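K.L.:
Just one file: model17.cif, with mmCIF, C-alpha atoms and all ligand atoms.
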data_protein
#
loop_
_atom_site.label_atom_id
_atom_site.label_comp_id
_atom_site.auth_asym_id
_atom_site.auth_seq_id
_atom_site.Cartn_x
_atom_site.Cartn_y
_atom_site.Cartn_z
CA MET A 25 -16.47 -14.98 1.60
CA ARG A 26 -15.56 -11.56 3.03
CA LEU A 27 -12.45 -10.15 1.36
CA TYR A 28 -10.26 -7.32 2.63
CA ASP A 29 -7.96 -5.33 0.35
CA ALA A 30 -5.20 -4.01 2.63
CA HIS A 31 -3.83 -1.63 0.00
CA ASN A 32 -5.08 -0.03 -3.18
CA HIS A 33 -5.37 3.31 -4.97
CA LEU A 34 -9.00 3.51 -6.09
CA GLN A 35 -8.56 7.30 -6.45
CA ASP A 36 -5.90 6.82 -9.17
CA GLU A 37 -6.40 8.85 -12.34
CA ARG A 38 -6.09 5.66 -14.44
CA LEU A 39 -9.31 4.28 -12.90
CA LYS A 40 -11.19 7.53 -13.20
CA SER A 41 -13.26 6.94 -16.34
CA ARG A 42 -14.75 3.67 -15.00
CA ARG A 43 -14.35 4.12 -11.27
CA GLU A 44 -17.94 3.49 -10.12
CA GLU A 45 -18.33 0.43 -12.34
CA VAL A 46 -14.98 -0.97 -11.21
CA PHE A 47 -15.84 -0.35 -7.56
CA ALA A 48 -19.24 -2.07 -7.92
CA GLN A 49 -17.55 -5.10 -9.50
CA ALA A 50 -15.12 -5.31 -6.58
CA VAL A 51 -17.97 -5.28 -4.06
CA ARG A 52 -19.90 -7.89 -6.05
CA SER A 53 -16.81 -10.13 -6.05
CA GLY A 54 -16.74 -10.14 -2.23
CA VAL A 55 -14.65 -7.12 -1.21
CA VAL A 56 -16.09 -5.78 2.04
CA ARG A 57 -13.31 -3.29 2.88
CA MET A 58 -10.47 -1.68 0.97
CA VAL A 59 -7.83 0.68 2.32
CA VAL A 60 -7.61 3.44 -0.30
CA ASN A 61 -4.28 5.20 -0.06
CA GLY A 62 -3.76 8.83 -0.97
CA ALA A 63 -0.14 9.39 -2.00
CA CYS A 64 0.05 13.20 -2.23
CA GLU A 65 -2.07 16.26 -1.44
CA ALA A 66 -3.72 16.19 -4.87
CA ASP A 67 -5.16 12.74 -3.96
CA TRP A 68 -6.54 13.47 -0.52
CA GLY A 69 -9.79 15.19 -1.56
CA GLU A 70 -10.60 12.35 -3.96
CA VAL A 71 -9.94 9.70 -1.29
CA LEU A 72 -12.17 11.55 1.19
CA GLY A 73 -14.97 11.75 -1.41
CA LEU A 74 -14.76 8.01 -2.11
CA ALA A 75 -14.88 7.21 1.61
CA ARG A 76 -17.93 9.42 2.13
CA ALA A 77 -19.73 7.75 -0.79
CA HIS A 78 -18.84 4.15 0.11
CA PRO A 79 -18.68 2.59 3.59
CA GLU A 80 -16.39 -0.14 2.17
CA VAL A 81 -13.66 2.46 1.59
CA LEU A 82 -11.30 2.98 4.50
CA PRO A 83 -9.46 6.20 3.65
CA SER A 84 -5.76 6.68 4.24
CA PHE A 85 -3.89 9.96 3.86
CA GLY A 86 -0.15 10.43 3.50
CA TYR A 87 2.81 11.53 1.39
CA HIS A 88 4.46 8.80 -0.69
CA PRO A 89 8.24 9.23 -1.21
CA TRP A 90 7.86 9.59 -4.99
CA TYR A 91 5.77 12.75 -4.71
CA LEU A 92 7.56 14.76 -2.04
CA ARG A 93 8.46 17.50 -4.54
CA GLU A 94 4.75 18.33 -4.75
CA ARG A 95 4.49 19.29 -1.08
CA THR A 96 2.93 22.69 -0.41
CA ALA A 97 4.15 24.88 2.45
CA ASP A 98 1.27 23.80 4.69
CA TRP A 99 1.09 20.10 3.80
CA GLN A 100 1.43 19.00 7.42
CA GLN A 101 -1.49 21.09 8.58
CA ARG A 102 -3.57 19.86 5.65
CA LEU A 103 -2.75 16.23 6.46
CA VAL A 104 -3.87 16.73 10.06
CA GLU A 105 -7.10 18.34 8.83
CA TYR A 106 -7.89 15.33 6.63
CA LEU A 107 -7.23 12.93 9.50
CA ASP A 108 -9.61 14.98 11.65
CA ARG A 109 -12.42 14.88 9.09
CA ILE A 110 -13.08 11.14 9.00
CA PRO A 111 -11.83 7.97 10.72
CA SER A 112 -8.75 7.21 8.63
CA ALA A 113 -5.32 5.61 8.47
CA VAL A 114 -1.97 7.23 7.61
CA GLY A 115 -0.36 6.32 4.30
CA GLU A 116 1.03 5.70 1.92
CA ILE A 117 4.33 6.86 3.35
CA GLY A 118 7.78 5.38 2.88
CA LEU A 119 11.40 5.25 1.80
CA ASP A 120 12.63 4.47 -1.71
CA ARG A 121 16.22 4.19 -2.92
CA TRP A 122 15.21 2.34 -6.10
CA ILE A 123 13.50 5.39 -7.60
CA LEU A 124 16.65 7.49 -6.97
CA ASP A 125 18.85 4.95 -8.79
CA ARG A 126 16.39 4.78 -11.66
CA HIS A 127 16.42 8.55 -12.01
CA GLN A 128 20.23 8.65 -12.00
CA ARG A 129 20.42 5.98 -14.68
CA ALA A 130 17.97 7.91 -16.84
CA VAL A 131 20.15 11.03 -16.54
CA LYS A 132 23.33 9.04 -17.34
CA THR A 133 21.92 7.40 -20.43
CA GLY A 134 20.70 10.76 -21.70
CA GLY A 135 17.02 9.94 -21.27
CA LEU A 136 16.67 12.86 -18.88
CA SER A 137 18.36 16.23 -18.64
CA PRO A 138 20.63 16.57 -15.56
CA ALA A 139 18.58 19.67 -14.70
CA ALA A 140 15.37 17.64 -14.41
CA SER A 141 14.36 17.59 -10.77
CA GLY A 142 14.48 14.01 -9.57
CA PRO A 143 12.82 12.38 -6.59
CA ALA A 144 13.64 13.78 -3.16
CA PRO A 145 16.93 12.48 -1.66
CA LEU A 146 16.82 9.77 0.98
CA GLU A 147 17.53 12.18 3.88
CA GLU A 148 14.51 14.26 2.95
CA GLN A 149 12.41 11.10 2.49
CA ALA A 150 13.44 9.95 5.97
CA GLU A 151 12.52 13.29 7.50
CA VAL A 152 9.03 13.34 5.94
CA PHE A 153 8.50 9.66 6.72
CA THR A 154 9.48 10.11 10.36
CA TRP A 155 7.18 13.09 10.82
CA GLN A 156 4.22 11.12 9.47
CA LEU A 157 5.12 8.03 11.52
CA ARG A 158 5.17 10.14 14.70
CA LEU A 159 1.78 11.60 13.81
CA ALA A 160 0.35 8.08 13.37
CA ALA A 161 1.92 6.96 16.66
CA GLU A 162 0.54 9.95 18.55
CA ARG A 163 -2.99 9.19 17.36
CA ASN A 164 -2.57 5.41 17.34
CA LEU A 165 -3.54 5.19 13.65
CA PRO A 166 -2.52 2.26 11.44
CA VAL A 167 0.15 3.38 8.97
CA SER A 168 0.87 1.90 5.52
CA ILE A 169 4.52 1.82 4.52
CA HIS A 170 6.16 1.53 1.09
CA CYS A 171 9.83 0.53 1.09
CA LEU A 172 12.16 -0.25 -1.80
CA GLN A 173 15.86 -0.91 -1.25
CA ALA A 174 15.99 1.00 2.03
CA TRP A 175 15.33 -1.77 4.56
CA GLY A 176 18.24 -1.04 6.91
CA LEU A 177 17.22 2.59 7.20
CA LEU A 178 13.55 1.67 7.67
CA HIS A 179 14.41 -0.83 10.39
CA ASP A 180 16.56 1.79 12.20
CA ILE A 181 13.82 4.41 12.11
CA LEU A 182 11.13 1.97 13.24
CA ARG A 183 13.32 0.82 16.13
CA ARG A 184 14.10 4.28 17.48
CA GLU A 185 10.83 6.12 16.80
CA PRO A 186 7.45 5.79 18.48
CA ARG A 187 5.14 3.42 16.57
CA PRO A 188 1.36 3.14 16.55
CA ALA A 189 0.25 0.68 19.23
CA CYS A 190 -2.18 -0.95 16.75
CA GLY A 191 0.73 -1.83 14.42
CA PHE A 192 1.83 -0.86 10.92
CA LEU A 193 1.59 -2.35 7.43
CA LEU A 194 4.55 -3.14 5.20
CA HIS A 195 2.69 -3.26 1.93
CA SER A 196 4.08 -5.59 -0.79
CA TYR A 197 6.92 -6.59 1.54
CA GLY A 198 10.00 -7.23 -0.57
CA GLY A 199 12.72 -7.00 2.07
CA PRO A 200 15.13 -9.68 3.27
CA VAL A 201 13.65 -12.81 4.77
CA GLU A 202 15.87 -12.29 7.83
CA LEU A 203 14.06 -9.06 8.68
CA VAL A 204 10.57 -10.57 8.75
CA ARG A 205 10.75 -11.67 12.39
CA PRO A 206 12.48 -8.55 13.81
CA LEU A 207 10.00 -6.26 12.01
CA ALA A 208 7.06 -8.37 13.19
CA ASP A 209 8.38 -7.94 16.74
CA LEU A 210 8.08 -4.17 16.22
CA GLY A 211 4.43 -4.52 15.15
CA ALA A 212 4.60 -5.17 11.39
CA TYR A 213 1.83 -6.66 9.28
CA TYR A 214 2.65 -7.81 5.73
CA SER A 215 0.39 -7.59 2.69
CA LEU A 216 0.87 -9.95 -0.23
CA PRO A 217 0.26 -8.55 -3.75
CA GLY A 218 -0.75 -10.60 -6.78
CA PHE A 219 2.36 -9.34 -8.54
CA TYR A 220 4.43 -11.81 -6.52
CA ALA A 221 2.76 -14.65 -8.44
CA HIS A 222 5.06 -13.75 -11.37
CA GLU A 223 7.71 -16.42 -11.86
CA ARG A 224 10.66 -14.11 -11.12
CA LYS A 225 9.35 -13.10 -7.67
CA GLN A 226 10.66 -16.26 -6.00
CA ARG A 227 12.61 -14.40 -3.28
CA GLN A 228 9.55 -12.38 -2.25
CA ARG A 229 7.38 -15.52 -2.14
CA GLU A 230 9.91 -17.20 0.15
CA ALA A 231 9.84 -14.21 2.52
CA PHE A 232 6.04 -14.42 2.72
CA LYS A 233 6.27 -18.04 3.81
CA GLN A 234 8.05 -16.76 6.94
CA VAL A 235 5.42 -14.17 7.83
CA PRO A 236 3.60 -15.08 11.08
CA PHE A 237 0.08 -16.16 10.11
CA ASN A 238 -1.47 -13.61 12.45
CA ARG A 239 0.35 -10.78 10.62
CA LEU A 240 -0.59 -11.67 7.06
CA LEU A 241 -2.78 -9.45 4.86
CA ILE A 242 -3.70 -9.47 1.16
CA GLU A 243 -3.67 -6.53 -1.27
CA THR A 244 -4.26 -5.69 -4.91
CA ASP A 245 -2.38 -2.34 -5.03
CA ALA A 246 -4.77 -1.65 -7.96
CA PRO A 247 -4.32 -0.13 -10.47
CA ASP A 248 -0.70 -1.36 -10.08
CA GLN A 249 0.90 -4.78 -9.56
CA SER A 250 -1.22 -6.94 -11.87
CA LEU A 251 -1.30 -10.73 -11.51
CA PRO A 252 0.21 -12.84 -14.30
CA GLY A 253 -2.15 -13.11 -17.27
CA ASP A 254 -3.49 -16.59 -16.49
CA ARG A 255 -4.56 -15.52 -12.99
CA ASN A 256 -5.97 -12.13 -13.96
CA ARG A 257 -9.76 -12.55 -13.71
CA PHE A 258 -10.66 -8.92 -14.47
CA PRO A 259 -8.49 -7.62 -17.32
CA LEU A 260 -8.70 -3.83 -17.50
CA ALA A 261 -7.04 -1.11 -19.54
CA ASP A 262 -6.34 2.53 -18.81
CA GLY A 263 -8.96 4.42 -20.83
CA ALA A 264 -6.46 7.13 -21.79
CA THR A 265 -3.38 5.09 -22.78
CA GLY A 266 -4.77 1.59 -23.38
CA LYS A 267 -2.10 0.15 -21.06
CA PRO A 268 -3.18 -2.81 -18.90
CA ILE A 269 -3.92 -1.94 -15.27
CA ASN A 270 -4.95 -3.97 -12.24
CA HIS A 271 -8.65 -4.25 -11.33
CA PRO A 272 -9.51 -4.15 -7.58
CA ALA A 273 -11.92 -7.08 -8.11
CA ASN A 274 -8.83 -9.25 -8.68
CA LEU A 275 -8.55 -9.45 -4.89
CA ALA A 276 -10.20 -12.90 -4.87
CA ALA A 277 -7.53 -14.12 -7.30
CA VAL A 278 -4.81 -12.78 -4.98
CA TYR A 279 -6.39 -14.70 -2.10
CA ALA A 280 -6.29 -17.83 -4.28
CA PHE A 281 -2.60 -17.25 -5.00
CA GLY A 282 -1.90 -16.69 -1.28
CA ALA A 283 -3.73 -19.88 -0.28
CA GLU A 284 -1.72 -21.85 -2.86
CA LEU A 285 1.59 -20.33 -1.73
CA LEU A 286 0.95 -21.04 1.94
CA GLY A 287 -0.72 -24.41 1.47
CA GLN A 288 -4.07 -23.46 2.99
CA SER A 289 -7.66 -23.51 1.93
CA ILE A 290 -9.01 -20.17 0.75
CA SER A 291 -11.61 -20.09 3.53
CA GLU A 292 -8.99 -20.75 6.21
CA LEU A 293 -6.85 -17.94 4.78
CA ALA A 294 -9.85 -15.61 4.47
CA ASN A 295 -10.84 -16.12 8.11
CA GLN A 296 -7.34 -15.38 9.35
CA VAL A 297 -6.94 -12.34 7.07
CA GLU A 298 -10.26 -10.95 8.30
CA GLN A 299 -9.10 -11.24 11.87
CA ASN A 300 -5.71 -9.67 11.06
CA PHE A 301 -7.27 -6.83 9.09
CA LEU A 302 -9.59 -5.96 11.98
CA GLU A 303 -6.70 -6.12 14.46
CA LEU A 304 -4.74 -3.56 12.46
CA PHE A 305 -7.45 -1.38 10.90
CA GLY A 306 -10.47 -2.13 13.15
CA GLY A 307 -9.98 1.04 15.19
CA VAL A 308 -10.60 3.24 12.14
CA CYS A 309 -13.34 1.16 10.44
CA ARG A 310 -16.69 2.95 10.37
ZN ZN B 401 0.57 1.89 -3.03
#
Spell out the structure here as structure tokens.
P.N.:
Amino acid sequence: MRLYDAHNHLQDERLKSRREEVFAQAVRSGVVRMVVNGACEADWGEVLGLARAHPEVLPSFGYHPWYLRERTADWQQRLVEYLDRIPSAVGEIGLDRWILDRHQRAVKTGGLSPAASGPAPLEEQAEVFTWQLRLAAERNLPVSIHCLQAWGLLHDILRREPRPACGFLLHSYGGPVELVRPLADLGAYYSLPGFYAHERKQRQREAFKQVPFNRLLIETDAPDQSLPGDRNRFPLADGATGKPINHPANLAAVYAFGAELLGQSISELANQVEQNFLELFGGVCR
């Protein structure tokens, strides 16, 4: 079976000590392509190196809302340069209100000094997001979007701004079920993470049942979003901290979860996901 990971972070520091071994295990388990998402400038060089070393790696370059404070003065020019170097996607970009609330709570409860610089405010997030979305639209590049608790704003921006003709990915979609159809009409694809197999993720599972079958993708988001313990086929720990992290070879287990959730056979799901992946990302596959 040919498996496609629509979203991971193979460049992540937590995978560093065992990266080549972990990557080889993923390929042995059936992964033929993975979209590796840079989330800030510090990531981009690493993502490019991985893509040059491995044809299975589809590189993606972008600024994630959590890291906007790290932007250098010429980040936009640098992003364009990376996109020019190799066929690539744009991402991970996005909007995140949850991280702002979490920061505020930490300040209130005394866990953080009020002077500590928090994540960038939503207006700034929207500005950076929109700039990157326009860049992707101009070049018709698939774009991977992260959104937490900012669905109304995301929907507004996607409606009024130019979008890539090939479509865009809402990774780990966790928005309202009512928005699935309207966002699909704008060109959205949806990638299901193994994390939604956790008991408490009922609402997110219900939303995925409404995703049009020709817009469904599967992701690990490794090293984040681990499956529940009984489904986790490749337990892995961060070499530095010993904390459990998600292994990209768990993709097959996420496919199994998706097939169960949607009442399909794994091979039926895998065929459709392959087709969907190539529809969205085929233009930048090498
Ligand atoms: Zn991500």
K.L.:
Residues within 8 Å of ligand ZN 401 (chain B) (only C-alpha atoms and all ligand atoms), as a list of chain:residue names?
P.N.:
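My answer, listing the contacting residues, is A:His31, A:Asn32, A:His33, A:Asn61, A:Ala63, A:Glu116, A:His170, A:His195, A:Asp245, A:Asp248.
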K.L.:
Taking only C-alpha atoms into account, produce a table as a tab-separated table in which each residue of segment 138-202 of chain A with an atom at most 9 Å from an atom of segment 83-89 of chain A appears once, together with its shortest atom pair and the distance in Å to one decimal, ordered by chain and rising number.
P.N.:
residue	atom	partner	partner_atom	distance
A:Pro143	CA	A:Pro89	CA	7.7
A:Ala144	CA	A:Pro89	CA	7.3
A:Leu146	CA	A:Pro89	CA	8.9
A:Gln149	CA	A:Pro89	CA	5.9
A:Ala150	CA	A:Pro89	CA	8.9
A:Val152	CA	A:Tyr87	CA	7.9
A:Phe153	CA	A:Pro89	CA	7.9
A:Gln156	CA	A:Gly86	CA	7.4
A:Val167	CA	A:Ser84	CA	8.3
A:Ser168	CA	A:Ser84	CA	8.3
A:Ile169	CA	A:His88	CA	8.7
A:His170	CA	A:His88	CA	7.7
K.L.:
Rounded to one decimal place, report the atom CA of Arg163 of chain A-atom CA of Glu243 of chain A distance in Å.
P.N.:
24.4 Å
K.L.:
What's the 12 Å shell around Asp125 of chain A, counting only C-alpha atoms, without same-chain residues fewer than 2 positions away, as a PDB file with C-alpha atoms, in the coordinates of the input?
P.N.:
ATOM      1  CA  ASP A 120      12.630   4.470  -1.710  1.00  0.00           C
ATOM      2  CA  ARG A 121      16.220   4.190  -2.920  1.00  0.00           C
ATOM      3  CA  TRP A 122      15.210   2.340  -6.100  1.00  0.00           C
ATOM      4  CA  ILE A 123      13.500   5.390  -7.600  1.00  0.00           C
ATOM      5  CA  HIS A 127      16.420   8.550 -12.010  1.00  0.00           C
ATOM      6  CA  GLN A 128      20.230   8.650 -12.000  1.00  0.00           C
ATOM      7  CA  ARG A 129      20.420   5.980 -14.680  1.00  0.00           C
ATOM      8  CA  ALA A 130      17.970   7.910 -16.840  1.00  0.00           C
ATOM      9  CA  VAL A 131      20.150  11.030 -16.540  1.00  0.00           C
ATOM     10  CA  LYS A 132      23.330   9.040 -17.340  1.00  0.00           C
ATOM     11  CA  GLY A 142      14.480  14.010  -9.570  1.00  0.00           C
ATOM     12  CA  PRO A 143      12.820  12.380  -6.590  1.00  0.00           C
ATOM     13  CA  ALA A 144      13.640  13.780  -3.160  1.00  0.00           C
ATOM     14  CA  PRO A 145      16.930  12.480  -1.660  1.00  0.00           C
ATOM     15  CA  LEU A 146      16.820   9.770   0.980  1.00  0.00           C
ATOM     16  CA  LEU A 172      12.160  -0.250  -1.800  1.00  0.00           C
ATOM     17  CA  GLN A 173      15.860  -0.910  -1.250  1.00  0.00           C
ATOM     18  CA  ALA A 174      15.990   1.000   2.030  1.00  0.00           C
TER      19      ALA A 174
END
K.L.:
What is the atom CA of Pro252 of chain A-atom CA of Leu119 of chain A distance in Å, reported with one decimal?
P.N.:
26.7 Å
K.L.:
What does the distance between atom CA of Asn164 of chain A and atom CA of Asp108 of chain A come to in Å, to one decimal place?
P.N.:
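Answer for the atom CA of Asn164 of chain A to atom CA of Asp108 of chain A separation: 13.2 Å.
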K.L.:
Find, counting all atoms listed in the file, the residue in A:Ala273, A:Leu286, A:Leu107, A:Leu92 that gets nearest to Ala48 of chain A.
P.N.:
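Of A:Ala273, A:Leu286, A:Leu107, A:Leu92, the one nearest Ala48 of chain A is A:Ala273, counting all atoms listed in the file.
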K.L.:
Return the single residue from A:Arg205, A:Arg183, A:Arg257, A:Arg52 that is closest to Gly218 of chain A, with distances computed using all atoms listed in the file.
P.N.:
A:Arg257
K.L.:
With a distance cut-off of 10 Å and only C-alpha atoms, select the neighbouring residues of segment 76-82 of chain A, excluding the residue or stretch itself and same-chain residues fewer than 5 positions from it, and output the selection as a ChimeraX atom specification.
P.N.:
/A:28-31,34,47,51,55-61,70-71,110-113,305,308-310
K.L.:
Can you work out which one of A:Cys190, A:Leu157, A:Ala97, A:Leu177 has the shortest atom-to-atom distance to Gly306 of chain A, counting only C-alpha atoms?
P.N.:
A:Cys190
K.L.:
Find the residues near Cys171 of chain A: any atom within 8 Å, counting only C-alpha atoms, skip ones fewer than 5 places away on the same chain, and give them as a list in words.
P.N.:
Gly118, Leu119, Asp120, Leu178, Leu194, Tyr197 and Gly198 of chain A
K.L.:
Taking (-3.9, -15.4, -0.9) as a centre in this file's frame and 10 Å as the limit, can you find every polymer residue with an atom that close, using only C-alpha atoms, and give them as JSON, numbers by chain?
P.N.:
{"A": [215, 216, 217, 218, 240, 241, 242, 243, 275, 276, 277, 278, 279, 280, 281, 282, 283, 284, 285, 286, 287, 288, 289, 290, 293, 294, 297]}
K.L.:
Between A:Val201, A:Phe237, A:Tyr213, A:Arg95, which is the closest to Glu148 of chain A once you count only C-alpha atoms?
P.N.:
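Comparing A:Val201, A:Phe237, A:Tyr213, A:Arg95 against Glu148 of chain A, the winner is A:Arg95.
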K.L.:
From the set A:Leu260, A:Leu304, A:Val46, A:Leu251, which residue has the shortest atom-to-atom contact distance to Leu193 of chain A, counting only C-alpha atoms?
P.N.:
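Using only C-alpha atoms, Leu193 of chain A sits closest to A:Leu304.
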K.L.:
Which one is closest to Glu303 of chain A: A:Leu165, A:Gln234, A:His179, A:His271? Count only C-alpha atoms.
P.N.:
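Smallest distance to Glu303 of chain A is found for A:Leu165.
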K.L.:
Please complete segment 34-48 of chain A with N, CA and C atoms and give it back as a PDB file, in the frame of the given file.
P.N.:
ATOM      1  N   LEU A  34      -7.772   3.332  -5.310  1.00  0.00           N
ATOM      2  CA  LEU A  34      -9.000   3.510  -6.090  1.00  0.00           C
ATOM      3  C   LEU A  34      -9.111   4.934  -6.653  1.00  0.00           C
ATOM      4  N   GLN A  35      -8.461   5.898  -5.982  1.00  0.00           N
ATOM      5  CA  GLN A  35      -8.560   7.300  -6.450  1.00  0.00           C
ATOM      6  C   GLN A  35      -7.702   7.551  -7.677  1.00  0.00           C
ATOM      7  N   ASP A  36      -6.874   6.590  -8.095  1.00  0.00           N
ATOM      8  CA  ASP A  36      -5.900   6.820  -9.170  1.00  0.00           C
ATOM      9  C   ASP A  36      -6.590   7.295 -10.451  1.00  0.00           C
ATOM     10  N   GLU A  37      -5.940   8.260 -11.077  1.00  0.00           N
ATOM     11  CA  GLU A  37      -6.400   8.850 -12.340  1.00  0.00           C
ATOM     12  C   GLU A  37      -6.721   7.773 -13.399  1.00  0.00           C
ATOM     13  N   ARG A  38      -5.919   6.694 -13.424  1.00  0.00           N
ATOM     14  CA  ARG A  38      -6.090   5.660 -14.440  1.00  0.00           C
ATOM     15  C   ARG A  38      -7.403   4.889 -14.298  1.00  0.00           C
ATOM     16  N   LEU A  39      -8.024   4.958 -13.103  1.00  0.00           N
ATOM     17  CA  LEU A  39      -9.310   4.280 -12.900  1.00  0.00           C
ATOM     18  C   LEU A  39     -10.478   5.230 -13.087  1.00  0.00           C
ATOM     19  N   LYS A  40     -10.166   6.489 -13.295  1.00  0.00           N
ATOM     20  CA  LYS A  40     -11.190   7.530 -13.200  1.00  0.00           C
ATOM     21  C   LYS A  40     -12.402   7.307 -14.118  1.00  0.00           C
ATOM     22  N   SER A  41     -12.152   6.989 -15.386  1.00  0.00           N
ATOM     23  CA  SER A  41     -13.260   6.940 -16.340  1.00  0.00           C
ATOM     24  C   SER A  41     -14.269   5.837 -16.002  1.00  0.00           C
ATOM     25  N   ARG A  42     -13.839   4.795 -15.287  1.00  0.00           N
ATOM     26  CA  ARG A  42     -14.750   3.670 -15.000  1.00  0.00           C
ATOM     27  C   ARG A  42     -14.833   3.370 -13.509  1.00  0.00           C
ATOM     28  N   ARG A  43     -14.527   4.385 -12.696  1.00  0.00           N
ATOM     29  CA  ARG A  43     -14.350   4.120 -11.270  1.00  0.00           C
ATOM     30  C   ARG A  43     -15.577   3.478 -10.605  1.00  0.00           C
ATOM     31  N   GLU A  44     -16.757   4.019 -10.831  1.00  0.00           N
ATOM     32  CA  GLU A  44     -17.940   3.490 -10.120  1.00  0.00           C
ATOM     33  C   GLU A  44     -18.242   2.054 -10.534  1.00  0.00           C
ATOM     34  N   GLU A  45     -18.084   1.783 -11.819  1.00  0.00           N
ATOM     35  CA  GLU A  45     -18.330   0.430 -12.340  1.00  0.00           C
ATOM     36  C   GLU A  45     -17.311  -0.561 -11.747  1.00  0.00           C
ATOM     37  N   VAL A  46     -16.057  -0.125 -11.739  1.00  0.00           N
ATOM     38  CA  VAL A  46     -14.980  -0.970 -11.210  1.00  0.00           C
ATOM     39  C   VAL A  46     -15.205  -1.235  -9.717  1.00  0.00           C
ATOM     40  N   PHE A  47     -15.609  -0.198  -8.993  1.00  0.00           N
ATOM     41  CA  PHE A  47     -15.840  -0.350  -7.560  1.00  0.00           C
ATOM     42  C   PHE A  47     -16.999  -1.335  -7.308  1.00  0.00           C
ATOM     43  N   ALA A  48     -18.082  -1.188  -8.083  1.00  0.00           N
ATOM     44  CA  ALA A  48     -19.240  -2.070  -7.920  1.00  0.00           C
ATOM     45  C   ALA A  48     -18.850  -3.530  -8.206  1.00  0.00           C
TER      46      ALA A  48
END
